[in-house]
Structure formats: C-alpha cells, structure tokens
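Asker: Following this line is entry16.txt, made up of compact mmCIF, C-alpha atoms:
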```txt
# COMPACT_ATOMS: atom_id res chain seq x y z
CA MET A 1 34.84 17.31 -58.10
CA LEU A 2 36.89 18.24 -55.00
CA LYS A 3 39.46 21.00 -55.18
CA ILE A 4 41.59 22.91 -52.66
CA LYS A 5 42.77 26.47 -53.13
CA GLU A 6 43.96 29.36 -51.02
CA ILE A 7 41.34 31.83 -49.78
CA LYS A 8 42.40 35.47 -49.73
CA ASN A 9 39.03 37.14 -49.15
CA LYS A 10 38.20 37.87 -45.51
CA LYS A 11 34.45 38.22 -46.09
CA ILE A 12 34.19 34.82 -47.78
CA TRP A 13 36.17 33.25 -44.92
CA GLU A 14 34.21 34.82 -42.09
CA THR A 15 30.83 34.17 -43.75
CA PHE A 16 31.67 30.48 -44.06
CA LEU A 17 32.96 30.28 -40.47
CA HIS A 18 29.74 31.83 -39.17
CA LYS A 19 27.63 29.38 -41.14
CA ALA A 20 29.65 26.33 -40.13
CA GLY A 21 30.10 27.33 -36.48
CA ASP A 22 26.39 27.63 -35.72
CA GLY A 23 27.01 30.27 -33.05
CA PHE A 24 30.07 28.54 -31.54
CA PRO A 25 33.03 29.90 -33.51
CA SER A 26 36.35 28.11 -33.96
CA PHE A 27 38.32 30.97 -32.43
CA PHE A 28 41.73 29.97 -33.79
CA GLN A 29 40.28 29.61 -37.28
CA THR A 30 39.06 33.20 -37.44
CA TRP A 31 40.60 35.49 -40.03
CA ASN A 32 41.78 37.88 -37.33
CA TRP A 33 43.60 35.15 -35.40
CA GLY A 34 45.46 34.35 -38.61
CA ASP A 35 46.41 38.02 -38.85
CA VAL A 36 47.68 37.87 -35.26
CA GLN A 37 49.96 35.01 -36.28
CA LYS A 38 51.24 36.97 -39.25
CA LYS A 39 51.87 39.97 -37.01
CA LEU A 40 53.98 37.71 -34.80
CA GLY A 41 56.02 36.66 -37.83
CA ASN A 42 54.51 33.18 -38.16
CA GLN A 43 53.74 31.58 -41.52
CA ILE A 44 50.13 30.57 -42.20
CA ILE A 45 48.06 29.57 -45.18
CA ARG A 46 44.25 29.75 -45.43
CA LEU A 47 42.89 26.85 -47.42
CA GLY A 48 39.40 26.23 -48.77
CA LEU A 49 37.94 22.88 -49.85
CA PHE A 50 35.48 23.19 -52.74
CA ASP A 51 33.04 20.66 -54.12
CA ASN A 52 32.73 22.02 -57.67
CA ALA A 53 32.16 25.73 -56.96
CA LYS A 54 30.74 25.33 -53.44
CA LEU A 55 32.97 26.07 -50.44
CA ILE A 56 32.51 23.16 -48.02
CA GLY A 57 35.53 23.38 -45.71
CA ILE A 58 38.30 25.68 -44.51
CA ALA A 59 41.47 25.48 -42.47
CA SER A 60 43.94 28.09 -41.32
CA VAL A 61 47.20 26.15 -41.21
CA SER A 62 50.19 27.33 -39.18
CA PHE A 63 53.71 26.21 -40.01
CA ILE A 64 55.54 25.52 -36.75
CA TYR A 65 59.32 25.52 -36.96
CA ALA A 66 60.52 24.68 -33.45
CA LYS A 67 63.70 23.16 -32.00
CA ARG A 68 61.73 20.07 -31.03
CA GLY A 69 60.50 19.61 -34.60
CA THR A 70 58.58 20.99 -37.58
CA TYR A 71 54.85 20.39 -37.91
CA LEU A 72 51.61 21.82 -39.29
CA HIS A 73 49.06 23.00 -36.75
CA LEU A 74 45.31 23.38 -37.33
CA ARG A 75 44.05 24.84 -34.05
CA HIS A 76 40.27 24.44 -33.81
CA GLY A 77 40.41 23.13 -37.35
CA PRO A 78 39.65 22.09 -39.94
CA VAL A 79 36.06 23.35 -40.20
CA PHE A 80 33.55 21.64 -42.52
CA LEU A 81 29.90 22.24 -43.29
CA ASP A 82 29.41 18.50 -43.59
CA TRP A 83 31.90 16.08 -42.05
CA LYS A 84 31.97 13.48 -44.80
CA LYS A 85 34.78 10.96 -44.65
CA ASN A 86 35.86 11.57 -48.25
CA TYR A 87 36.12 15.32 -47.59
CA VAL A 88 38.39 14.71 -44.59
CA THR A 89 40.54 12.16 -46.46
CA PHE A 90 40.98 14.43 -49.50
CA PHE A 91 41.89 17.40 -47.31
CA LEU A 92 44.39 15.45 -45.20
CA ASN A 93 46.10 13.99 -48.26
CA PHE A 94 46.60 17.53 -49.52
CA LEU A 95 48.02 18.65 -46.15
CA GLU A 96 50.32 15.64 -45.94
CA ASN A 97 51.87 16.57 -49.28
CA ILE A 98 52.50 20.10 -48.03
CA ALA A 99 53.93 18.76 -44.76
CA LYS A 100 56.37 16.45 -46.52
CA LYS A 101 57.66 19.30 -48.66
CA GLU A 102 58.30 21.26 -45.44
CA HIS A 103 59.97 18.21 -43.86
CA ALA A 104 57.31 18.27 -41.12
CA SER A 105 57.13 15.18 -38.92
CA PHE A 106 53.41 15.42 -38.19
CA ILE A 107 50.17 17.37 -38.53
CA ARG A 108 48.28 18.39 -35.38
CA LEU A 109 44.57 19.15 -35.62
CA SER A 110 41.85 19.84 -33.07
CA PRO A 111 38.46 20.50 -34.70
CA LEU A 112 35.59 21.35 -32.39
CA LEU A 113 33.98 17.93 -32.55
CA SER A 114 32.77 15.46 -29.95
CA GLU A 115 35.20 12.71 -29.02
CA GLU A 116 32.87 10.16 -30.60
CA LYS A 117 32.67 11.96 -33.94
CA SER A 118 36.37 12.75 -33.92
CA GLY A 119 37.18 9.09 -33.26
CA LYS A 120 35.26 8.01 -36.35
CA LEU A 121 36.88 10.59 -38.61
CA PHE A 122 40.39 10.42 -37.11
CA PRO A 123 40.75 6.81 -35.85
CA LEU A 124 43.61 6.02 -33.49
CA LYS A 125 44.87 3.40 -35.94
CA LYS A 126 46.22 6.31 -37.98
CA PHE A 127 46.13 9.24 -35.54
CA LYS A 128 47.57 9.54 -32.05
CA ASN A 129 46.22 11.62 -29.18
CA ALA A 130 48.65 14.51 -28.64
CA GLN A 131 50.77 14.16 -25.50
CA ILE A 132 49.82 17.61 -24.26
CA HIS A 133 47.39 18.53 -21.54
CA ALA A 134 43.90 19.84 -22.37
CA MET A 135 44.57 22.98 -24.38
CA ASP A 136 42.78 25.51 -26.58
CA ALA A 137 39.72 25.28 -24.29
CA GLU A 138 38.80 21.78 -25.39
CA VAL A 139 37.05 21.62 -22.00
CA CYS A 140 35.40 24.98 -21.42
CA TRP A 141 32.64 26.67 -19.43
CA VAL A 142 29.92 28.48 -21.37
CA LEU A 143 27.20 30.78 -20.06
CA SER A 144 24.06 31.40 -22.09
CA LEU A 145 23.29 35.12 -22.34
CA LYS A 146 19.75 34.63 -23.61
CA GLU A 147 18.27 35.13 -20.15
CA SER A 148 17.77 38.52 -18.46
CA GLU A 149 20.47 40.07 -16.28
CA GLU A 150 18.28 39.39 -13.27
CA ASP A 151 18.02 35.69 -14.08
CA ILE A 152 21.75 35.40 -14.79
CA LEU A 153 22.47 36.92 -11.37
CA LYS A 154 19.92 34.66 -9.72
CA ASN A 155 21.52 31.55 -11.24
CA MET A 156 25.02 32.45 -10.04
CA ARG A 157 26.55 30.87 -6.98
CA LYS A 158 25.39 32.84 -3.95
CA SER A 159 28.98 33.72 -2.99
CA HIS A 160 29.56 35.21 -6.46
CA ARG A 161 26.54 37.51 -6.15
CA TYR A 162 27.81 38.60 -2.73
CA LEU A 163 31.33 39.32 -4.02
CA ILE A 164 30.02 41.34 -6.96
CA LYS A 165 28.05 43.50 -4.54
CA LYS A 166 30.99 43.76 -2.14
CA SER A 167 33.22 44.93 -4.98
CA GLN A 168 30.67 47.58 -5.95
CA THR A 169 30.33 48.89 -2.39
CA SER A 170 34.12 48.86 -1.92
CA GLY A 171 34.45 51.48 -4.65
CA VAL A 172 35.95 49.37 -7.44
CA ILE A 173 35.74 51.12 -10.81
CA ILE A 174 35.72 49.16 -14.08
CA GLU A 175 37.08 50.74 -17.25
CA ARG A 176 36.57 49.21 -20.70
CA THR A 177 38.78 50.34 -23.56
CA LYS A 178 39.90 49.64 -27.13
CA ASP A 179 43.03 51.74 -26.64
CA VAL A 180 45.98 49.42 -27.37
CA SER A 181 48.32 51.66 -25.37
CA ARG A 182 46.43 50.64 -22.21
CA MET A 183 47.81 47.14 -22.68
CA LYS A 184 51.07 48.49 -21.22
CA MET A 185 49.24 48.81 -17.90
CA PHE A 186 47.83 45.28 -18.05
CA LEU A 187 50.90 43.32 -19.19
CA PRO A 188 53.02 43.94 -16.03
CA LEU A 189 50.14 42.51 -13.95
CA TYR A 190 49.98 39.50 -16.26
CA THR A 191 53.74 38.92 -16.17
CA LYS A 192 53.77 39.03 -12.37
CA LEU A 193 50.91 36.52 -12.29
CA ALA A 194 52.83 34.16 -14.58
CA HIS A 195 55.86 34.27 -12.25
CA ARG A 196 53.69 33.79 -9.18
CA LYS A 197 51.71 30.87 -10.61
CA HIS A 198 54.70 29.35 -12.46
CA PHE A 199 53.15 29.21 -15.91
CA VAL A 200 54.58 30.27 -19.28
CA ALA A 201 53.07 33.63 -20.24
CA HIS A 202 51.16 33.65 -23.52
CA HIS A 203 53.00 35.33 -26.37
CA GLY A 204 51.21 37.88 -28.53
CA ILE A 205 48.53 39.26 -26.19
CA GLU A 206 49.17 42.84 -27.29
CA GLU A 207 49.06 41.81 -30.95
CA GLU A 208 45.80 39.94 -30.37
CA PHE A 209 44.23 43.02 -28.80
CA ASP A 210 45.49 45.24 -31.59
CA VAL A 211 44.11 43.07 -34.41
CA PHE A 212 40.74 42.19 -32.89
CA SER A 213 40.04 45.69 -31.52
CA GLN A 214 40.35 47.16 -35.04
CA ASP A 215 37.18 45.20 -35.92
CA ASN A 216 35.54 46.16 -32.60
CA GLN A 217 36.00 42.54 -31.54
CA ALA A 218 38.03 43.10 -28.38
CA LEU A 219 37.91 45.14 -25.20
CA LEU A 220 40.33 45.44 -22.33
CA PHE A 221 38.53 45.58 -18.97
CA LEU A 222 40.54 47.23 -16.19
CA ALA A 223 39.58 47.29 -12.50
CA TYR A 224 40.74 50.14 -10.25
CA TYR A 225 40.67 50.44 -6.49
CA GLU A 226 41.60 53.80 -4.96
CA LYS A 227 42.89 54.84 -8.40
CA ARG A 228 45.26 51.85 -8.57
CA LEU A 229 44.97 49.16 -11.26
CA ILE A 230 44.40 45.87 -9.46
CA ALA A 231 42.92 43.56 -12.13
CA GLY A 232 42.32 43.29 -15.85
CA ALA A 233 41.02 40.99 -18.57
CA LEU A 234 41.14 40.83 -22.36
CA ILE A 235 37.80 39.82 -23.85
CA ASP A 236 37.24 39.01 -27.52
CA PHE A 237 33.82 39.21 -29.19
CA VAL A 238 33.68 36.78 -32.11
CA ASP A 239 30.55 35.95 -34.05
CA ASP A 240 27.87 35.26 -31.42
CA MET A 241 30.22 34.72 -28.50
CA ALA A 242 32.23 36.71 -25.97
CA ILE A 243 35.46 34.91 -25.03
CA TYR A 244 37.46 35.32 -21.80
CA ARG A 245 41.00 35.15 -23.19
CA HIS A 246 43.52 36.54 -20.67
CA SER A 247 43.37 38.02 -17.18
CA ALA A 248 45.50 38.99 -14.20
CA SER A 249 45.15 40.55 -10.77
CA ASP A 250 47.36 42.14 -8.13
CA GLU A 251 48.12 39.76 -5.26
CA GLN A 252 48.39 42.69 -2.83
CA TYR A 253 44.68 43.40 -3.32
CA LYS A 254 43.32 39.86 -3.20
CA HIS A 255 40.98 40.96 -0.40
CA ILE A 256 39.18 43.19 -2.93
CA PRO A 257 37.05 40.91 -5.19
CA ALA A 258 37.45 43.15 -8.25
CA MET A 259 37.51 40.28 -10.76
CA TYR A 260 33.95 39.28 -9.83
CA LEU A 261 32.63 42.75 -10.68
CA LEU A 262 34.81 42.82 -13.80
CA GLN A 263 33.23 39.59 -15.04
CA TRP A 264 29.75 40.95 -14.35
CA GLU A 265 30.59 44.01 -16.46
CA VAL A 266 31.82 41.70 -19.24
CA ILE A 267 28.52 39.81 -19.14
CA LYS A 268 26.54 43.05 -19.38
CA GLU A 269 28.71 44.27 -22.27
CA ALA A 270 28.24 40.97 -24.11
CA LYS A 271 24.47 41.21 -23.69
CA LYS A 272 24.58 44.79 -24.93
CA ARG A 273 26.34 43.49 -28.06
CA ARG A 274 23.60 40.87 -28.41
CA MET A 275 26.00 37.97 -27.92
CA SER A 276 24.28 34.65 -27.20
CA TYR A 277 27.09 33.08 -25.15
CA TYR A 278 29.99 33.94 -22.90
CA ASN A 279 32.81 31.41 -23.16
CA PHE A 280 34.85 31.50 -19.95
CA TRP A 281 37.46 29.43 -21.85
CA GLY A 282 39.32 26.50 -20.34
CA ILE A 283 38.52 24.72 -17.08
CA ALA A 284 40.04 21.66 -15.43
CA PRO A 285 39.15 18.50 -17.39
CA THR A 286 38.38 16.63 -14.16
CA ASP A 287 37.06 17.41 -10.69
CA ASN A 288 40.39 16.44 -9.15
CA PRO A 289 40.83 18.83 -6.17
CA LYS A 290 44.60 18.80 -6.76
CA HIS A 291 44.38 19.92 -10.39
CA PRO A 292 46.26 23.24 -10.83
CA TRP A 293 43.24 24.76 -12.59
CA ARG A 294 40.86 23.80 -9.76
CA GLY A 295 40.61 27.29 -8.22
CA LEU A 296 40.19 29.00 -11.58
CA SER A 297 37.52 26.47 -12.54
CA LEU A 298 35.55 27.13 -9.34
CA PHE A 299 35.71 30.85 -10.09
CA LYS A 300 34.41 30.43 -13.64
CA THR A 301 31.69 27.90 -12.91
CA GLY A 302 30.26 30.05 -10.13
CA PHE A 303 28.81 32.47 -12.67
CA GLY A 304 26.42 29.80 -13.94
CA GLY A 305 26.49 28.00 -17.26
CA GLU A 306 27.47 24.58 -18.48
CA ARG A 307 30.49 22.51 -19.36
CA LYS A 308 31.29 21.93 -23.05
CA GLU A 309 33.83 19.33 -24.04
CA PHE A 310 35.52 18.72 -27.37
CA ALA A 311 37.83 16.00 -28.62
CA HIS A 312 41.49 16.06 -27.66
CA ALA A 313 44.04 17.19 -30.26
CA LYS A 314 45.10 14.47 -32.70
CA ASP A 315 48.44 13.98 -34.42
CA ASP A 316 48.86 12.61 -37.94
CA ILE A 317 52.33 11.01 -37.78
CA LEU A 318 54.44 11.42 -40.91
CA SER A 319 57.98 10.47 -39.82
CA VAL A 320 60.03 9.07 -36.95
CA GLY A 321 60.91 12.65 -35.98
CA TYR A 322 57.49 12.81 -34.36
CA TRP A 323 58.59 10.63 -31.46
CA LYS A 324 61.04 13.26 -30.25
CA VAL A 325 58.13 15.70 -29.87
CA TYR A 326 56.00 12.96 -28.32
CA LEU A 327 58.63 12.21 -25.67
CA LEU A 328 59.28 15.87 -24.81
CA GLU A 329 55.56 16.60 -24.42
CA TYR A 330 55.04 13.41 -22.43
CA LEU A 331 57.80 14.41 -19.97
CA THR A 332 56.29 17.92 -19.71
CA LYS A 333 52.90 16.40 -18.91
CA LEU A 334 54.44 14.23 -16.18
CA ARG A 335 56.23 17.23 -14.68
CA LYS A 336 53.08 19.34 -14.60
CA GLY A 337 50.96 16.50 -13.31
CA TYR A 338 48.08 16.98 -15.74
```
Write out the structure in this file as structure tokens.
Answerer:
Amino acid sequence: MLKIKEIKNKKIWETFLHKAGDGFPSFFQTWNWGDVQKKLGNQIIRLGLFDNAKLIGIASVSFIYAKRGTYLHLRHGPVFLDWKKNYVTFFLNFLENIAKKEHASFIRLSPLLSEEKSGKLFPLKKFKNAQIHAMDAEVCWVLSLKESEEDILKNMRKSHRYLIKKSQTSGVIIERTKDVSRMKMFLPLYTKLAHRKHFVAHHGIEEEFDVFSQDNQALLFLAYYEKRLIAGALIDFVDDMAIYRHSASDEQYKHIPAMYLLQWEVIKEAKKRRMSYYNFWGIAPTDNPKHPWRGLSLFKTGFGGERKEFAHAKDDILSVGYWKVYLLEYLTKLRKGY
C-alpha cells in the first residue's frame, strides 16, 4: 500500500538520498539545501513515498510565489529507489492536489535521469519541456578522483598544467576557510563579475555557505596575489562528490592564472576527503563557439573528466496560467540566445 507523509528526520532523509544517488547526489534535494531555502524565507515541504513501511521515494518541494505565476518546484527531484510508473503516478497525483490548493499553475521537476528514461516516465503528451535554458547543471562536467594526483595532472590539458605551475611560481597563495565572515571578501568580487558578464547574480550564496559549512560540507577557497584577493570559489562537499558552485575573479589580474591553481587545490582537498568525483557543474549544452558559456566550458573541461547529461526540466501543466510563464521564459531564452 502506497502512502505519502512528511519527513522531519534529517538522518532518514540523507541516508535514503545516499542510497538512491549511488555516489551522484541530487544536490538540490539534500536536507541542507532545503535549510538554505528556509533561511531565505522560502516555503518547502519534504515528502516521503512509502510502500507499506519502506521508504521508496523522496522529494523536497519548493513553493514558488512569483509575479509571473505560482508553481511547485522539485529541483533534481523527485528521487526514487526504483522508478516504477505507478510510484511516479501516485506521487504526482498527490503533488497535483497540493498544487491546486495553492492555486499553482504547474509543477516543474527535473530528476537526474537520462532523457530516454525521463521521456518514458514523463511523456510529452502530458508534460512539456520547460522553456528555460539548460539549468541546475543538467549538462555538467565530472572528474573522477579515483586516480592519483600525478595521473590527474597528466590527463589535464597541457595548457592547464602549465598555468597551474605558472600560478605557483608567480606567488599565488590559496586560502581555504569555513569562516562565513570571509564571504564578505568574496561577494564583492562575485557582484562585479555579474555586472561585467551581464548575468543575474545568484541569491543566497552566503546562506548556502553558512548552512553547508556547519556540517563541514563547504569551503571557501580564496586566491591572493601580493596580499590582494584576486579570485575565489565556493565548493560544497556532498556525499561522495565535491561540487564547484560559485566563483569569481578580479579582471585587473586576469594575467595571473590564479583560478587554475585554486581548482588544483580543490581537487587535492576533495581527494583528501576521499571524494570519488569532482563536479565542475554546468557547461554549455552544445559545442557552439558562440555560446556564452563556451569559455567557461573550455576552462572546466581542460582539467580532464567527462560530460554527464541529464533530462531537461519538465512541466506538469495544471491551468491556463502556465502559458504566461511559458511565454515569459520563451522570450528570455530568445533574448539570451540559448
């Protein structure tokens, strides 16, 4: 007999996520990410699907109340041990009832599944591909950390090895810290980068660092040159994976390749923590040389690793109000060009 109830025990949640993720965690379904959302004042609910007494699925559901419309968002979710059609149907029926009570026009979900598997479970006859660009690292670059440091270096692009060495000989110093107050040094760099590159700065970076660092799951890496902060990156360590979440550098010091050395120090830290993978997060979904993520993708892929691709976010349409969101996101996609 299938039953859904709220889960309020962090250990039960994280144990299930570890078991279901098989070493590749659904980052936005972690307990700590839910706590980040709460810290930001957002409403979430953590649901568990049980078959009799056995927990077989979970989903951290965010309630999005935006000017463009109200909807439920399951980032990297739901997560099931076994993706049986009747489990998915039962769970979605439950969510749809919640959504209608909240006057939500749709439910957006993006489980870490292949496009083929996602298409069978969430057919386009009922679901629509979200009109947003590749998000939440649905196309990402992942480096295995199971090899030795020497082999990881050897498998990097030659230019990356050179720039790591150049950064070392130039006198770049890398600091790693769990001190949340140090975020005040990093955020101005990040804000300047957002203005320079014309992207909307992520909201809640300081809160993310605060929550994850309390469980020793986050470090801020800061790069100094001649005692001046010139680059930084927030790295989360979840389950068996290090994740490259946010970074920024000072344009004035672009001739100093500090970020290459910083990434090498992240890799060494992740190996020290016995992580199996380093997820460099999102890369361009295509090899289009004009894609705005092209340069960032070349930087990430140069450290070695492989491309991992998951299905695009799907929308479960519940009312005509959805089409307002669809149109706004479609126009945004056209404006950005990707």
Asker: Show me, as a VMD selection string, the residues that have an atom within 10 Å of A:Asn42 when counting all atoms listed in the file, minus same-chain residues fewer than 4 positions from it.
Answerer: chain A and resid 34 to 38 62 to 65
Asker: Could you turn the residues from that selection into a file that holds C-alpha atoms, as a short mmCIF file (atom, residue, chain, number, x, y, z; two decimals), in the coordinates of the input?
Answerer:
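Written out: again-v2.cif:
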```
data_model
loop_
_atom_site.label_atom_id
_atom_site.label_comp_id
_atom_site.auth_asym_id
_atom_site.auth_seq_id
_atom_site.Cartn_x
_atom_site.Cartn_y
_atom_site.Cartn_z
CA GLY A 34 45.46 34.35 -38.61
CA ASP A 35 46.41 38.02 -38.85
CA VAL A 36 47.68 37.87 -35.26
CA GLN A 37 49.96 35.01 -36.28
CA LYS A 38 51.24 36.97 -39.25
CA SER A 62 50.19 27.33 -39.18
CA PHE A 63 53.71 26.21 -40.01
CA ILE A 64 55.54 25.52 -36.75
CA TYR A 65 59.32 25.52 -36.96
#
```
Asker: Give me the residues within 8 Å of stretch 127-135 of chain A as a list of chain:residue names, counting only C-alpha atoms and dropping any in the same chain fewer than 2 places off.
Answerer: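 Neighbouring residues, sequence-local ones excluded: A:Arg108, A:Phe122, A:Pro123, A:Leu124, A:Lys125, A:Ala137, A:Glu138, A:Val139, A:Gly282, A:Pro285, A:His312, A:Ala313, A:Lys314, A:Asp315, A:Asp316, A:Ile317, A:Tyr326, A:Glu329, A:Tyr330, A:Thr332, A:Lys333, A:Tyr338.
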Asker: As lines of an AutoDock Vina configuration file, please: the centre and edge lengths in Å, to one decimal, of an axis-aligned box enclosing every listed atom of stretch 116-123 of chain A with 5 Å added on each side.
Answerer:
```
center_x = 36.7
center_y = 9.8
center_z = -34.6
size_x = 18.1
size_y = 15.9
size_z = 18.0
```
Asker: Distance table requested - stretch 270-332 of chain A against stretch 263-266 of chain A, cut-off 9 Å, all atoms listed in the file: one row per qualifying residue with the closest atom pair and its distance in Å to one decimal, ordered by chain and rising residue number, as a tab-separated table.
Answerer:
```
residue	atom	partner	partner_atom	distance
A:Ala270	CA	A:Val266	CA	6.1
A:Lys271	CA	A:Val266	CA	8.6
A:Tyr278	CA	A:Val266	CA	8.8
A:Phe303	CA	A:Trp264	CA	8.7
```
Asker: List the spatial neighbours of A:Leu234 as a list in words - criterion: any atom at most 9 Å away, all atoms listed in the file, same-chain residues fewer than 6 positions off excluded.
Answerer: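 Non-adjacent residues within range: Ile205, Phe209, Ala218, Leu219, Leu220, Phe221, Leu222, Ile243, Tyr244, Arg245, His246 and Ser247 of chain A.
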Asker: Would you write out those residues with C-alpha atoms, as an mmCIF file, in the frame of the given file?
Answerer:
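Saved file again36.cif follows:
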```
data_model
loop_
_atom_site.group_PDB
_atom_site.id
_atom_site.type_symbol
_atom_site.label_atom_id
_atom_site.label_comp_id
_atom_site.auth_asym_id
_atom_site.auth_seq_id
_atom_site.Cartn_x
_atom_site.Cartn_y
_atom_site.Cartn_z
ATOM 1 C CA ILE A 205 48.530 39.260 -26.190
ATOM 2 C CA PHE A 209 44.230 43.020 -28.800
ATOM 3 C CA ALA A 218 38.030 43.100 -28.380
ATOM 4 C CA LEU A 219 37.910 45.140 -25.200
ATOM 5 C CA LEU A 220 40.330 45.440 -22.330
ATOM 6 C CA PHE A 221 38.530 45.580 -18.970
ATOM 7 C CA LEU A 222 40.540 47.230 -16.190
ATOM 8 C CA ILE A 243 35.460 34.910 -25.030
ATOM 9 C CA TYR A 244 37.460 35.320 -21.800
ATOM 10 C CA ARG A 245 41.000 35.150 -23.190
ATOM 11 C CA HIS A 246 43.520 36.540 -20.670
ATOM 12 C CA SER A 247 43.370 38.020 -17.180
#
```
Asker: Can you work out which one of A:Glu175, A:Glu96, A:Glu309, A:Glu206 has the shortest atom-to-atom distance to A:Leu262, counting only C-alpha atoms?
Answerer: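 Using only C-alpha atoms, A:Leu262 sits closest to A:Glu175.
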Asker: My list of candidates is A:Gln43, A:Asn93, A:Ser105, A:Thr70. Which is closest to A:Trp323 when distances are computed with all atoms listed in the file?
Answerer: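 That would be A:Ser105, the residue with the smallest distance to A:Trp323.
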Asker: List the spatial neighbours of A:Lys8 as a list in words - criterion: any atom at most 12 Å away, all atoms listed in the file, same-chain residues fewer than 6 positions off excluded.
Answerer: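 Once the adjacent positions are removed, what remains is Glu14, Trp31, Gly34, Asp35, Ile44, Ile45, Arg46, Leu47, Gly48, Ile58 and Ser60 of chain A.
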Asker: Choose the residue, out of A:Phe237, A:Tyr162, A:Trp293, A:Phe80, that has the smallest atom-to-atom separation from A:Tyr260; count only C-alpha atoms.
Answerer: A:Tyr162
Asker: What does the distance from atom CA of A:Glu147 to atom CA of A:Gly305 come to in Å, to one decimal?
Answerer: 11.3 Å
